[in-house]
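J.: If it helps, the file is called target-v3.cif and holds mmCIF, C-alpha atoms:
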data_my_file
loop_
_atom_site.label_atom_id
_atom_site.label_comp_id
_atom_site.auth_asym_id
_atom_site.auth_seq_id
_atom_site.Cartn_x
_atom_site.Cartn_y
_atom_site.Cartn_z
CA ASP A 1 -45.99 85.71 -110.35
CA SER A 2 -44.94 88.94 -112.08
CA ASN A 3 -41.33 87.84 -112.63
CA GLN A 4 -42.45 84.68 -114.38
CA PHE A 5 -44.89 86.67 -116.52
CA ILE A 6 -42.13 89.12 -117.54
CA ALA A 7 -39.80 86.24 -118.41
CA GLN A 8 -42.50 84.66 -120.61
CA GLN A 9 -43.09 87.97 -122.37
CA GLU A 10 -39.37 88.41 -123.01
CA THR A 11 -39.12 84.90 -124.47
CA SER A 12 -42.18 85.40 -126.68
CA PHE A 13 -41.06 88.82 -127.91
CA LEU A 14 -37.54 87.60 -128.71
CA ALA A 15 -39.00 84.72 -130.72
CA TYR A 16 -41.25 87.12 -132.62
CA ALA A 17 -38.37 89.55 -133.21
CA ALA A 18 -36.16 86.78 -134.60
CA LEU A 19 -38.97 85.61 -136.89
CA ALA A 20 -39.58 89.14 -138.16
CA LEU A 21 -35.87 89.69 -138.76
CA ALA A 22 -35.18 86.52 -140.71
CA GLY A 23 -38.58 85.74 -142.16
CA ARG A 24 -39.91 89.05 -143.34
CA SER A 25 -38.07 92.32 -142.85
CA LEU A 26 -34.35 92.02 -143.52
CA PRO A 27 -32.52 90.56 -146.55
CA HIS A 28 -30.26 87.52 -146.47
CA VAL A 29 -26.63 88.42 -147.09
CA GLN A 30 -26.23 85.49 -149.51
CA ASP A 31 -28.67 86.70 -152.16
CA GLY A 32 -29.69 90.16 -150.91
CA LEU A 33 -33.40 89.25 -150.97
CA LYS A 34 -36.22 89.28 -148.49
CA PRO A 35 -38.39 86.12 -148.44
CA VAL A 36 -41.23 87.68 -150.47
CA HIS A 37 -38.87 88.76 -153.27
CA ARG A 38 -37.12 85.39 -153.31
CA ARG A 39 -40.42 83.54 -153.50
CA ILE A 40 -41.69 85.72 -156.36
CA LEU A 41 -38.57 85.01 -158.42
CA TYR A 42 -38.65 81.30 -157.62
CA ALA A 43 -42.35 81.03 -158.50
CA MET A 44 -41.75 82.80 -161.81
CA ASN A 45 -38.82 80.48 -162.49
CA GLN A 46 -41.07 77.47 -161.79
CA LEU A 47 -43.54 78.87 -164.32
CA HIS A 48 -40.67 78.83 -166.87
CA MET A 49 -40.89 82.59 -167.26
CA THR A 50 -37.49 83.44 -168.70
CA ASN A 51 -36.66 86.73 -170.36
CA LYS A 52 -37.39 85.08 -173.72
CA SER A 53 -40.78 83.62 -172.78
CA THR A 54 -44.12 85.32 -173.27
CA TYR A 55 -45.50 87.64 -170.59
CA LYS A 56 -48.00 86.24 -168.10
CA LYS A 57 -50.65 88.10 -166.12
CA SER A 58 -49.32 89.39 -162.81
CA ALA A 59 -52.39 87.98 -161.04
CA ARG A 60 -51.34 84.48 -162.14
CA ILE A 61 -47.89 84.96 -160.62
CA VAL A 62 -49.22 86.46 -157.38
CA GLY A 63 -51.67 83.57 -157.05
CA ASP A 64 -48.87 81.02 -157.37
CA VAL A 65 -46.72 82.84 -154.81
CA ILE A 66 -49.54 83.06 -152.24
CA GLY A 67 -50.82 79.54 -152.77
CA LYS A 68 -47.46 77.76 -152.72
CA TYR A 69 -44.89 79.77 -150.81
CA HIS A 70 -46.02 83.03 -149.18
CA PRO A 71 -49.38 82.82 -147.34
CA HIS A 72 -49.90 86.55 -146.90
CA GLY A 73 -51.98 89.25 -148.58
CA ASP A 74 -51.96 89.60 -152.34
CA SER A 75 -51.22 93.34 -152.12
CA ALA A 76 -47.99 92.70 -150.20
CA VAL A 77 -46.79 90.28 -152.89
CA TYR A 78 -47.83 92.49 -155.80
CA ASP A 79 -46.28 95.62 -154.25
CA ALA A 80 -42.97 93.77 -153.90
CA MET A 81 -43.23 92.60 -157.51
CA VAL A 82 -43.96 96.14 -158.73
CA GLY A 83 -40.85 97.43 -156.99
CA MET A 84 -38.69 94.82 -158.72
CA ALA A 85 -39.97 95.97 -162.12
CA GLN A 86 -39.44 99.73 -161.67
CA LYS A 87 -36.26 100.95 -163.39
CA TRP A 88 -36.02 104.02 -161.16
CA ASN A 89 -36.30 101.85 -158.05
CA TYR A 90 -33.95 98.96 -158.85
CA ARG A 91 -30.50 99.51 -160.36
CA TYR A 92 -30.92 96.16 -162.09
CA PRO A 93 -34.66 95.30 -162.31
CA LEU A 94 -35.45 91.65 -161.61
CA VAL A 95 -38.87 91.67 -163.28
CA ASP A 96 -39.60 92.70 -166.87
CA GLY A 97 -43.02 94.30 -166.75
CA GLN A 98 -45.51 95.13 -169.49
CA GLY A 99 -48.28 97.64 -168.88
CA ASN A 100 -48.65 100.43 -166.35
CA TRP A 101 -46.13 99.80 -163.54
CA GLY A 102 -46.41 103.26 -162.00
CA SER A 103 -44.09 106.24 -162.22
CA ARG A 104 -41.37 107.80 -160.11
CA ASP A 105 -43.77 110.66 -159.34
CA GLY A 106 -45.63 108.31 -157.03
CA ASP A 107 -48.33 107.07 -159.41
CA ASN A 108 -49.46 103.56 -158.50
CA ALA A 109 -49.16 100.62 -160.86
CA ALA A 110 -52.30 99.28 -162.51
CA ALA A 111 -54.10 96.42 -160.78
CA MET A 112 -52.44 93.03 -161.16
CA ARG A 113 -55.22 91.81 -163.45
CA TYR A 114 -54.08 94.37 -166.03
CA THR A 115 -50.28 94.13 -165.92
CA GLU A 116 -48.09 91.34 -167.28
CA ALA A 117 -44.60 90.24 -166.36
CA ARG A 118 -41.71 87.86 -166.92
CA LEU A 119 -38.22 87.54 -165.45
CA SER A 120 -35.61 90.07 -166.51
CA LYS A 121 -32.35 89.00 -168.11
CA PHE A 122 -30.50 90.07 -164.95
CA SER A 123 -32.44 87.51 -162.87
CA GLU A 124 -30.24 84.81 -164.39
CA VAL A 125 -27.49 86.06 -162.05
CA LEU A 126 -29.68 84.82 -159.19
CA LEU A 127 -31.36 81.78 -160.72
CA SER A 128 -29.12 80.15 -163.33
CA GLU A 129 -27.40 77.71 -160.91
CA LEU A 130 -30.53 76.82 -158.91
CA GLY A 131 -30.67 73.19 -160.07
CA GLN A 132 -26.99 72.42 -159.50
CA GLY A 133 -27.05 71.61 -155.77
CA THR A 134 -25.80 75.07 -154.85
CA VAL A 135 -28.32 76.00 -152.14
CA ASP A 136 -30.21 74.42 -149.26
CA TRP A 137 -33.91 73.64 -149.61
CA VAL A 138 -36.59 73.93 -146.94
CA PRO A 139 -40.28 72.90 -146.77
CA ASN A 140 -42.84 75.51 -147.78
CA PHE A 141 -45.39 76.77 -145.24
CA ASP A 142 -47.63 73.66 -145.42
CA GLY A 143 -44.89 71.08 -146.05
CA THR A 144 -46.21 69.99 -149.44
CA MET A 145 -43.20 71.13 -151.50
CA LYS A 146 -39.69 72.53 -151.19
CA GLU A 147 -38.42 76.06 -151.73
CA PRO A 148 -34.84 77.40 -151.79
CA LYS A 149 -33.57 78.83 -148.51
CA THR A 150 -31.61 81.37 -150.58
CA LEU A 151 -30.95 81.83 -154.28
CA PRO A 152 -27.50 80.99 -155.70
CA ALA A 153 -26.40 84.54 -156.48
CA ARG A 154 -23.21 84.59 -158.56
CA LEU A 155 -22.40 88.11 -157.31
CA PRO A 156 -23.12 89.92 -154.01
CA HIS A 157 -26.59 91.02 -155.06
CA ILE A 158 -27.19 92.72 -151.72
CA LEU A 159 -24.80 95.44 -152.95
CA LEU A 160 -25.97 95.56 -156.56
CA ASN A 161 -29.62 96.48 -156.03
CA GLY A 162 -29.38 97.57 -152.41
CA VAL A 163 -32.23 97.10 -149.97
CA THR A 164 -34.24 98.90 -147.31
CA GLY A 165 -35.72 97.04 -144.37
CA ILE A 166 -37.11 97.84 -140.93
CA ALA A 167 -37.44 95.10 -138.31
CA VAL A 168 -37.78 94.85 -134.53
CA GLY A 169 -34.99 96.98 -133.11
CA MET A 170 -32.94 96.74 -136.32
CA ALA A 171 -32.96 98.32 -139.76
CA THR A 172 -30.88 98.40 -142.92
CA ASP A 173 -30.60 100.78 -145.86
CA ILE A 174 -28.01 99.63 -148.40
CA PRO A 175 -27.63 101.73 -151.58
CA PRO A 176 -27.24 100.10 -155.02
CA HIS A 177 -23.84 99.71 -156.70
CA ASN A 178 -22.41 99.16 -160.16
CA LEU A 179 -22.16 95.52 -161.25
CA ARG A 180 -18.80 95.84 -163.00
CA GLU A 181 -17.23 97.71 -160.09
CA VAL A 182 -18.46 95.15 -157.55
CA GLY A 183 -17.30 92.31 -159.81
CA GLN A 184 -13.79 93.79 -160.04
CA ALA A 185 -13.69 94.23 -156.26
CA CYS A 186 -14.74 90.58 -155.78
CA ILE A 187 -11.95 89.38 -158.08
CA HIS A 188 -9.42 91.53 -156.22
CA LEU A 189 -10.64 90.23 -152.85
CA LEU A 190 -10.37 86.61 -154.01
CA GLU A 191 -6.80 87.21 -155.14
CA ASN A 192 -5.96 89.38 -152.09
CA PRO A 193 -8.02 88.11 -149.11
CA ARG A 194 -6.43 90.63 -146.74
CA ALA A 195 -7.39 93.69 -148.79
CA ASP A 196 -8.78 96.48 -146.60
CA VAL A 197 -11.71 98.82 -147.23
CA ALA A 198 -9.54 101.61 -148.64
CA GLU A 199 -8.12 99.18 -151.19
CA LEU A 200 -11.57 97.94 -152.22
CA CYS A 201 -12.82 101.53 -152.53
CA GLN A 202 -10.44 101.91 -155.48
CA PHE A 203 -12.76 99.53 -157.34
CA VAL A 204 -16.06 100.63 -155.72
CA PRO A 205 -15.63 104.37 -155.10
CA ALA A 206 -19.31 105.10 -154.41
CA PRO A 207 -22.88 103.83 -154.75
CA ASP A 208 -24.36 103.83 -158.26
CA MET A 209 -28.01 104.84 -158.30
CA PRO A 210 -30.53 104.02 -161.07
CA THR A 211 -31.20 107.76 -161.45
CA ASP A 212 -28.79 110.28 -162.97
CA ALA A 213 -28.52 112.79 -160.14
CA GLU A 214 -25.10 113.93 -158.92
CA LEU A 215 -23.55 112.30 -155.87
CA ILE A 216 -21.82 115.08 -153.92
CA SER A 217 -20.52 113.29 -150.80
CA SER A 218 -16.73 113.45 -150.52
CA ARG A 219 -14.58 110.37 -151.06
CA ALA A 220 -13.52 110.51 -147.39
CA ASP A 221 -17.16 110.50 -146.24
CA LEU A 222 -18.00 107.61 -148.54
CA GLN A 223 -15.04 105.54 -147.36
CA LYS A 224 -16.10 106.16 -143.76
CA ILE A 225 -19.57 104.85 -144.60
CA TYR A 226 -18.04 101.66 -146.03
CA GLU A 227 -15.81 101.26 -142.97
CA THR A 228 -18.47 101.82 -140.31
CA GLY A 229 -21.75 100.91 -142.05
CA ARG A 230 -23.27 104.21 -140.95
CA GLY A 231 -23.73 107.58 -142.63
CA SER A 232 -25.68 109.26 -145.39
CA VAL A 233 -25.09 109.68 -149.11
CA ARG A 234 -25.80 113.19 -150.36
CA MET A 235 -27.17 113.78 -153.86
CA ARG A 236 -28.48 116.74 -155.81
CA ALA A 237 -30.62 117.19 -158.88
CA VAL A 238 -29.15 117.88 -162.31
CA TYR A 239 -30.43 120.97 -164.12
CA THR A 240 -29.83 123.16 -167.15
CA ARG A 241 -30.71 126.77 -167.92
CA ASP A 242 -33.00 127.36 -170.85
CA ALA A 243 -33.85 130.97 -171.75
CA GLY A 244 -33.79 132.02 -168.11
CA ASP A 245 -35.69 128.96 -166.89
CA ILE A 246 -34.14 126.26 -164.72
CA VAL A 247 -34.95 122.84 -166.19
CA VAL A 248 -34.41 119.87 -163.86
CA THR A 249 -33.31 116.83 -165.87
CA ALA A 250 -32.55 114.32 -163.10
CA LEU A 251 -33.77 113.89 -159.52
CA PRO A 252 -31.99 112.18 -156.62
CA TYR A 253 -32.61 108.50 -155.95
CA GLN A 254 -36.06 107.71 -154.49
CA VAL A 255 -37.14 111.38 -154.61
CA SER A 256 -40.51 112.12 -156.19
CA GLY A 257 -40.83 115.05 -158.55
CA ALA A 258 -44.47 115.46 -157.52
CA LYS A 259 -43.48 115.95 -153.86
CA ILE A 260 -40.81 118.48 -154.75
#
What's the structure tokens form of this structure?
T.:
Amino acid sequence: DSNQFIAQQETSFLAYAALALAGRSLPHVQDGLKPVHRRILYAMNQLHMTNKSTYKKSARIVGDVIGKYHPHGDSAVYDAMVGMAQKWNYRYPLVDGQGNWGSRDGDNAAAMRYTEARLSKFSEVLLSELGQGTVDWVPNFDGTMKEPKTLPARLPHILLNGVTGIAVGMATDIPPHNLREVGQACIHLLENPRADVAELCQFVPAPDMPTDAELISSRADLQKIYETGRGSVRMRAVYTRDAGDIVVTALPYQVSGAKI
């Protein structure tokens, strides 16, 4: 009957929503990564692509990710990889790219057969303790090998590079923060487990974007964002005057100069 049909639909939709939340759209709090980003880094690590190794073609990396861990389209994997290599997109890039990786004006990266990549030095924060029994392992999509459930991040990476994700009925948009500030706050919290948000805001006063624009939100507004998890961070461009002309030298985070 109709009631039974509705109940089946609710069950099916909830299962799909949970899968989309955990398996695709939102980051894990432990390492701040979505599955596609985690699998790219792990695949590159398995290819022994450290920051000191030679660059490898991006197509080789994407092929490994799709064939072993992430059975989805190559464009989805490559787009995620491009984002991790863009210095104006990530506060601490996880991929060290060589070639045309796009521009902040919205220009696309070259095709993956042209670009080359290796892991950035910062990726060691996420990968260096991988072989020390620090994380759980799960079967890959066809059960032929294991992959890490999360990466053993030595710092709360979800705050360092931030993340944007939209899922079924839920979304997140976490801005990036400064590594040293977050590290000092972690030390303080370990030594003072009952520290409140106002106390931690002395160490982490505001987000720290990869671009040089000015953050103009008040300290009170920023603290409220940290307390509630809701709000907006206001930024403005930096400019100088040159013989009567206004010269913009820095744009707000994730704002394209071409669109302006």
J.: Excluding A:Arg236 and residues on its chain fewer than 3 positions from it, collect all residues at most 8 Å away from it, counting only C-alpha atoms, and give them as number ranges by chain.
T.: A: 213-216, 251-252
J.: Using only C-alpha atoms, which residue out of A:Ser75, A:Ser218, A:Asn178, A:Thr115 lies closest to A:Gly162?
T.: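 Ranked by minimum distance to A:Gly162, first place goes to A:Asn178.
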J.: Name all residues at most 7 Å from A:Asn161 (count all atoms listed in the file; drop same-chain ones fewer than 2 positions away) and give them as a CSV table (one decimal) with C-alpha atoms, in the coordinates of the input.
T.:
chain,number,residue,atom,x,y,z
A,90,TYR,CA,-34.0,99.0,-158.8
A,91,ARG,CA,-30.5,99.5,-160.4
A,92,TYR,CA,-30.9,96.2,-162.1
A,157,HIS,CA,-26.6,91.0,-155.1
A,158,ILE,CA,-27.2,92.7,-151.7
A,159,LEU,CA,-24.8,95.4,-153.0
A,163,VAL,CA,-32.2,97.1,-150.0
A,176,PRO,CA,-27.2,100.1,-155.0
A,177,HIS,CA,-23.8,99.7,-156.7
J.: Could you tell me which residues the PyMOL selection byres ((chain A and resi 233) around 8) returns for this structure, as JSON, numbers by chain?
T.: {"A": [215, 216, 217, 222, 231, 232, 234, 235]}
J.: Do you know which residues are at most 8 Å from A:Phe122 counting only C-alpha atoms, after dropping those on the same chain fewer than 2 positions away, and could you put them as a VMD selection string?
T.: chain A and resid 92 to 94 120 124 to 126
J.: Next, the residues of the selection above should be written as a CSV table (one decimal), keeping the file's coordinate frame with C-alpha atoms.
T.:
chain,number,residue,atom,x,y,z
A,92,TYR,CA,-30.9,96.2,-162.1
A,93,PRO,CA,-34.7,95.3,-162.3
A,94,LEU,CA,-35.4,91.6,-161.6
A,120,SER,CA,-35.6,90.1,-166.5
A,124,GLU,CA,-30.2,84.8,-164.4
A,125,VAL,CA,-27.5,86.1,-162.0
A,126,LEU,CA,-29.7,84.8,-159.2
J.: Got a sec to resolve the PyMOL selection byres ((chain A and resi 52-68) around 7) on this structure and send the residues as a ChimeraX atom specification?
T.: /A:39-40,43-44,49-51,69-72,74,77-78,112-113,115-118
J.: Please report the interatomic distance between atom CA of A:Val138 and atom CA of A:Leu14 in Å with one decimal.
T.: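 Spanning atom CA of A:Val138 to atom CA of A:Leu14 is a straight-line distance of 22.8 Å.
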J.: Written as a PDB file with C-alpha atoms, in the frame of the given file, which residues does the PyMOL selection byres ((chain A and resi 201) around 10) give for the file shown?
T.:
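In the end it all went to expr_29.pdb:
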ATOM      1  CA  GLU A 181     -17.230  97.710-160.090  1.00  0.00           C
ATOM      2  CA  VAL A 182     -18.460  95.150-157.550  1.00  0.00           C
ATOM      3  CA  ALA A 185     -13.690  94.230-156.260  1.00  0.00           C
ATOM      4  CA  ASP A 196      -8.780  96.480-146.600  1.00  0.00           C
ATOM      5  CA  VAL A 197     -11.710  98.820-147.230  1.00  0.00           C
ATOM      6  CA  ALA A 198      -9.540 101.610-148.640  1.00  0.00           C
ATOM      7  CA  GLU A 199      -8.120  99.180-151.190  1.00  0.00           C
ATOM      8  CA  LEU A 200     -11.570  97.940-152.220  1.00  0.00           C
ATOM      9  CA  GLN A 202     -10.440 101.910-155.480  1.00  0.00           C
ATOM     10  CA  PHE A 203     -12.760  99.530-157.340  1.00  0.00           C
ATOM     11  CA  VAL A 204     -16.060 100.630-155.720  1.00  0.00           C
ATOM     12  CA  PRO A 205     -15.630 104.370-155.100  1.00  0.00           C
ATOM     13  CA  ALA A 206     -19.310 105.100-154.410  1.00  0.00           C
ATOM     14  CA  ARG A 219     -14.580 110.370-151.060  1.00  0.00           C
ATOM     15  CA  LEU A 222     -18.000 107.610-148.540  1.00  0.00           C
ATOM     16  CA  GLN A 223     -15.040 105.540-147.360  1.00  0.00           C
ATOM     17  CA  TYR A 226     -18.040 101.660-146.030  1.00  0.00           C
TER      18      TYR A 226
END
J.: Counting only C-alpha atoms, which residue out of A:Pro152, A:Asp105, A:Thr11, A:Gln4 sits closest to A:Lys259?
T.: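 Comparing A:Pro152, A:Asp105, A:Thr11, A:Gln4 against A:Lys259, the winner is A:Asp105.
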J.: Would you place a box with edges along x, y and z of the file around all atoms of stretch 46-56 of chain A listed there, add 4 Å to each of its six sides, and report the centre and edge lengths in Å to one decimal, as JSON?
T.:
{"center_x": -42.3, "center_y": 82.6, "center_z": -167.8, "size_x": 19.3, "size_y": 18.2, "size_z": 19.9}
J.: Rounded to one decimal in Å, what is the spacing between atom CA of A:Ile260 and atom CA of A:Arg104?
T.: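 Pair atom CA of A:Ile260 / atom CA of A:Arg104 returns 12.0 Å.
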J.: Would you list the contacts of A:Trp88 as a PyMOL selection string, taking every protein, DNA or RNA residue within 10 Å and counting only C-alpha atoms, but skipping same-chain residues closer than 2 positions in sequence?
T.: chain A and resi 83-86+90-93+103-104+209-212+253-255
J.: Store the residues of this selection in a file with C-alpha atoms, as an mmCIF file, in the frame of the given file.
T.:
data_model
loop_
_atom_site.group_PDB
_atom_site.id
_atom_site.type_symbol
_atom_site.label_atom_id
_atom_site.label_comp_id
_atom_site.auth_asym_id
_atom_site.auth_seq_id
_atom_site.Cartn_x
_atom_site.Cartn_y
_atom_site.Cartn_z
ATOM 1 C CA GLY A 83 -40.850 97.430 -156.990
ATOM 2 C CA MET A 84 -38.690 94.820 -158.720
ATOM 3 C CA ALA A 85 -39.970 95.970 -162.120
ATOM 4 C CA GLN A 86 -39.440 99.730 -161.670
ATOM 5 C CA TYR A 90 -33.950 98.960 -158.850
ATOM 6 C CA ARG A 91 -30.500 99.510 -160.360
ATOM 7 C CA TYR A 92 -30.920 96.160 -162.090
ATOM 8 C CA PRO A 93 -34.660 95.300 -162.310
ATOM 9 C CA SER A 103 -44.090 106.240 -162.220
ATOM 10 C CA ARG A 104 -41.370 107.800 -160.110
ATOM 11 C CA MET A 209 -28.010 104.840 -158.300
ATOM 12 C CA PRO A 210 -30.530 104.020 -161.070
ATOM 13 C CA THR A 211 -31.200 107.760 -161.450
ATOM 14 C CA ASP A 212 -28.790 110.280 -162.970
ATOM 15 C CA TYR A 253 -32.610 108.500 -155.950
ATOM 16 C CA GLN A 254 -36.060 107.710 -154.490
ATOM 17 C CA VAL A 255 -37.140 111.380 -154.610
#
J.: Check the smallest atom-to-atom distance from each of A:Ala237, A:Leu21, A:Ala76, A:Val29 to A:Pro156 using only C-alpha atoms, then report the winner.
T.: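 Closest to A:Pro156, using only C-alpha atoms: A:Val29.
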J.: Write out as a JSON list (two decimals) with C-alpha atoms, in the frame of the given file the residues lying within 7 Å of A:Glu147, counting only C-alpha atoms and excluding same-chain residues fewer than 5 positions away.
T.:
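File produced: result27.json:
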[["chain", "number", "residue", "atom", "x", "y", "z"],
["A", 137, "TRP", "CA", -33.91, 73.64, -149.61],
["A", 138, "VAL", "CA", -36.59, 73.93, -146.94],
["A", 139, "PRO", "CA", -40.28, 72.90, -146.77],
["A", 140, "ASN", "CA", -42.84, 75.51, -147.78]]
J.: When distances are computed from all atoms listed in the file, which of A:Ser2, A:Ser12, A:Gln46, A:Thr172 shows the smallest separation from A:Leu127?
T.: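 Counting all atoms listed in the file, the residue closest to A:Leu127 is A:Gln46.
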J.: Got a moment to write stretch 52-142 of chain A out with C-alpha atoms, as a PDB file, in the first residue's frame?
T.:
ATOM      1  CA  LYS A  52      62.053  15.123  -3.267  1.00  0.00           C
ATOM      2  CA  SER A  53      61.103  12.627  -5.985  1.00  0.00           C
ATOM      3  CA  THR A  54      60.732  13.416  -9.661  1.00  0.00           C
ATOM      4  CA  TYR A  55      57.415  14.649 -11.038  1.00  0.00           C
ATOM      5  CA  LYS A  56      55.061  12.131 -12.638  1.00  0.00           C
ATOM      6  CA  LYS A  57      52.376  12.735 -15.247  1.00  0.00           C
ATOM      7  CA  SER A  58      49.036  13.610 -13.669  1.00  0.00           C
ATOM      8  CA  ALA A  59      47.316  11.075 -15.946  1.00  0.00           C
ATOM      9  CA  ARG A  60      49.377   8.303 -14.313  1.00  0.00           C
ATOM     10  CA  ILE A  61      48.219   9.380 -10.859  1.00  0.00           C
ATOM     11  CA  VAL A  62      44.573   9.745 -11.885  1.00  0.00           C
ATOM     12  CA  GLY A  63      44.677   6.289 -13.479  1.00  0.00           C
ATOM     13  CA  ASP A  64      45.969   4.725 -10.266  1.00  0.00           C
ATOM     14  CA  VAL A  65      43.315   6.479  -8.169  1.00  0.00           C
ATOM     15  CA  ILE A  66      40.454   5.381 -10.442  1.00  0.00           C
ATOM     16  CA  GLY A  67      41.687   1.831 -10.929  1.00  0.00           C
ATOM     17  CA  LYS A  68      42.495   1.075  -7.297  1.00  0.00           C
ATOM     18  CA  TYR A  69      40.472   3.264  -4.964  1.00  0.00           C
ATOM     19  CA  HIS A  70      37.952   5.666  -6.523  1.00  0.00           C
ATOM     20  CA  PRO A  71      35.826   4.163  -9.335  1.00  0.00           C
ATOM     21  CA  HIS A  72      34.400   7.425 -10.632  1.00  0.00           C
ATOM     22  CA  GLY A  73      35.077   9.743 -13.561  1.00  0.00           C
ATOM     23  CA  ASP A  74      38.604  10.878 -14.317  1.00  0.00           C
ATOM     24  CA  SER A  75      37.548  14.538 -14.461  1.00  0.00           C
ATOM     25  CA  ALA A  76      36.262  14.413 -10.872  1.00  0.00           C
ATOM     26  CA  VAL A  77      39.592  13.038  -9.648  1.00  0.00           C
ATOM     27  CA  TYR A  78      41.707  15.443 -11.699  1.00  0.00           C
ATOM     28  CA  ASP A  79      39.617  18.479 -10.677  1.00  0.00           C
ATOM     29  CA  ALA A  80      40.159  17.571  -7.015  1.00  0.00           C
ATOM     30  CA  MET A  81      43.879  17.171  -7.646  1.00  0.00           C
ATOM     31  CA  VAL A  82      44.073  20.546  -9.407  1.00  0.00           C
ATOM     32  CA  GLY A  83      42.464  22.238  -6.423  1.00  0.00           C
ATOM     33  CA  MET A  84      45.044  20.750  -4.060  1.00  0.00           C
ATOM     34  CA  ALA A  85      47.854  22.195  -6.183  1.00  0.00           C
ATOM     35  CA  GLN A  86      46.548  25.770  -6.482  1.00  0.00           C
ATOM     36  CA  LYS A  87      48.278  28.145  -4.046  1.00  0.00           C
ATOM     37  CA  TRP A  88      45.396  30.626  -4.143  1.00  0.00           C
ATOM     38  CA  ASN A  89      42.918  27.854  -3.325  1.00  0.00           C
ATOM     39  CA  TYR A  90      44.706  25.949  -0.547  1.00  0.00           C
ATOM     40  CA  ARG A  91      46.440  27.732   2.340  1.00  0.00           C
ATOM     41  CA  TYR A  92      48.888  24.833   2.413  1.00  0.00           C
ATOM     42  CA  PRO A  93      48.860  23.055  -0.992  1.00  0.00           C
ATOM     43  CA  LEU A  94      49.008  19.260  -0.754  1.00  0.00           C
ATOM     44  CA  VAL A  95      50.190  18.700  -4.329  1.00  0.00           C
ATOM     45  CA  ASP A  96      53.284  20.229  -5.926  1.00  0.00           C
ATOM     46  CA  GLY A  97      52.351  20.764  -9.548  1.00  0.00           C
ATOM     47  CA  GLN A  98      54.466  21.446 -12.619  1.00  0.00           C
ATOM     48  CA  GLY A  99      52.909  22.917 -15.741  1.00  0.00           C
ATOM     49  CA  ASN A 100      49.735  24.904 -16.290  1.00  0.00           C
ATOM     50  CA  TRP A 101      47.504  24.405 -13.226  1.00  0.00           C
ATOM     51  CA  GLY A 102      45.123  27.249 -14.027  1.00  0.00           C
ATOM     52  CA  SER A 103      44.866  30.725 -12.560  1.00  0.00           C
ATOM     53  CA  ARG A 104      42.782  32.487  -9.942  1.00  0.00           C
ATOM     54  CA  ASP A 105      41.034  34.355 -12.772  1.00  0.00           C
ATOM     55  CA  GLY A 106      39.182  31.154 -13.563  1.00  0.00           C
ATOM     56  CA  ASP A 107      41.444  29.756 -16.285  1.00  0.00           C
ATOM     57  CA  ASN A 108      41.315  25.959 -16.371  1.00  0.00           C
ATOM     58  CA  ALA A 109      44.354  23.776 -15.819  1.00  0.00           C
ATOM     59  CA  ALA A 110      45.894  22.011 -18.804  1.00  0.00           C
ATOM     60  CA  ALA A 111      44.729  18.466 -19.521  1.00  0.00           C
ATOM     61  CA  MET A 112      46.151  15.820 -17.205  1.00  0.00           C
ATOM     62  CA  ARG A 113      48.315  14.401 -19.991  1.00  0.00           C
ATOM     63  CA  TYR A 114      50.296  17.659 -19.982  1.00  0.00           C
ATOM     64  CA  THR A 115      50.710  18.447 -16.281  1.00  0.00           C
ATOM     65  CA  GLU A 116      52.983  16.719 -13.782  1.00  0.00           C
ATOM     66  CA  ALA A 117      52.808  16.445 -10.023  1.00  0.00           C
ATOM     67  CA  ARG A 118      54.299  15.120  -6.801  1.00  0.00           C
ATOM     68  CA  LEU A 119      53.389  15.463  -3.125  1.00  0.00           C
ATOM     69  CA  SER A 120      54.094  18.773  -1.435  1.00  0.00           C
ATOM     70  CA  LYS A 121      56.295  18.992   1.637  1.00  0.00           C
ATOM     71  CA  PHE A 122      53.217  19.836   3.731  1.00  0.00           C
ATOM     72  CA  SER A 123      51.625  16.473   2.864  1.00  0.00           C
ATOM     73  CA  GLU A 124      54.036  14.860   5.327  1.00  0.00           C
ATOM     74  CA  VAL A 125      51.807  16.287   8.085  1.00  0.00           C
ATOM     75  CA  LEU A 126      49.104  13.927   6.815  1.00  0.00           C
ATOM     76  CA  LEU A 127      51.132  10.927   5.646  1.00  0.00           C
ATOM     77  CA  SER A 128      54.328  10.562   7.690  1.00  0.00           C
ATOM     78  CA  GLU A 129      52.828   8.240  10.353  1.00  0.00           C
ATOM     79  CA  LEU A 130      50.749   6.126   7.946  1.00  0.00           C
ATOM     80  CA  GLY A 131      52.753   2.925   8.460  1.00  0.00           C
ATOM     81  CA  GLN A 132      52.850   3.087  12.251  1.00  0.00           C
ATOM     82  CA  GLY A 133      49.470   1.522  13.073  1.00  0.00           C
ATOM     83  CA  THR A 134      47.869   4.916  13.616  1.00  0.00           C
ATOM     84  CA  VAL A 135      44.721   4.530  11.488  1.00  0.00           C
ATOM     85  CA  ASP A 136      42.126   1.924  10.585  1.00  0.00           C
ATOM     86  CA  TRP A 137      42.207   0.249   7.176  1.00  0.00           C
ATOM     87  CA  VAL A 138      39.234  -0.767   5.045  1.00  0.00           C
ATOM     88  CA  PRO A 139      38.884  -2.783   1.799  1.00  0.00           C
ATOM     89  CA  ASN A 140      38.884  -0.821  -1.442  1.00  0.00           C
ATOM     90  CA  PHE A 141      35.821  -0.873  -3.716  1.00  0.00           C
ATOM     91  CA  ASP A 142      36.497  -4.365  -5.145  1.00  0.00           C
TER      92      ASP A 142
END
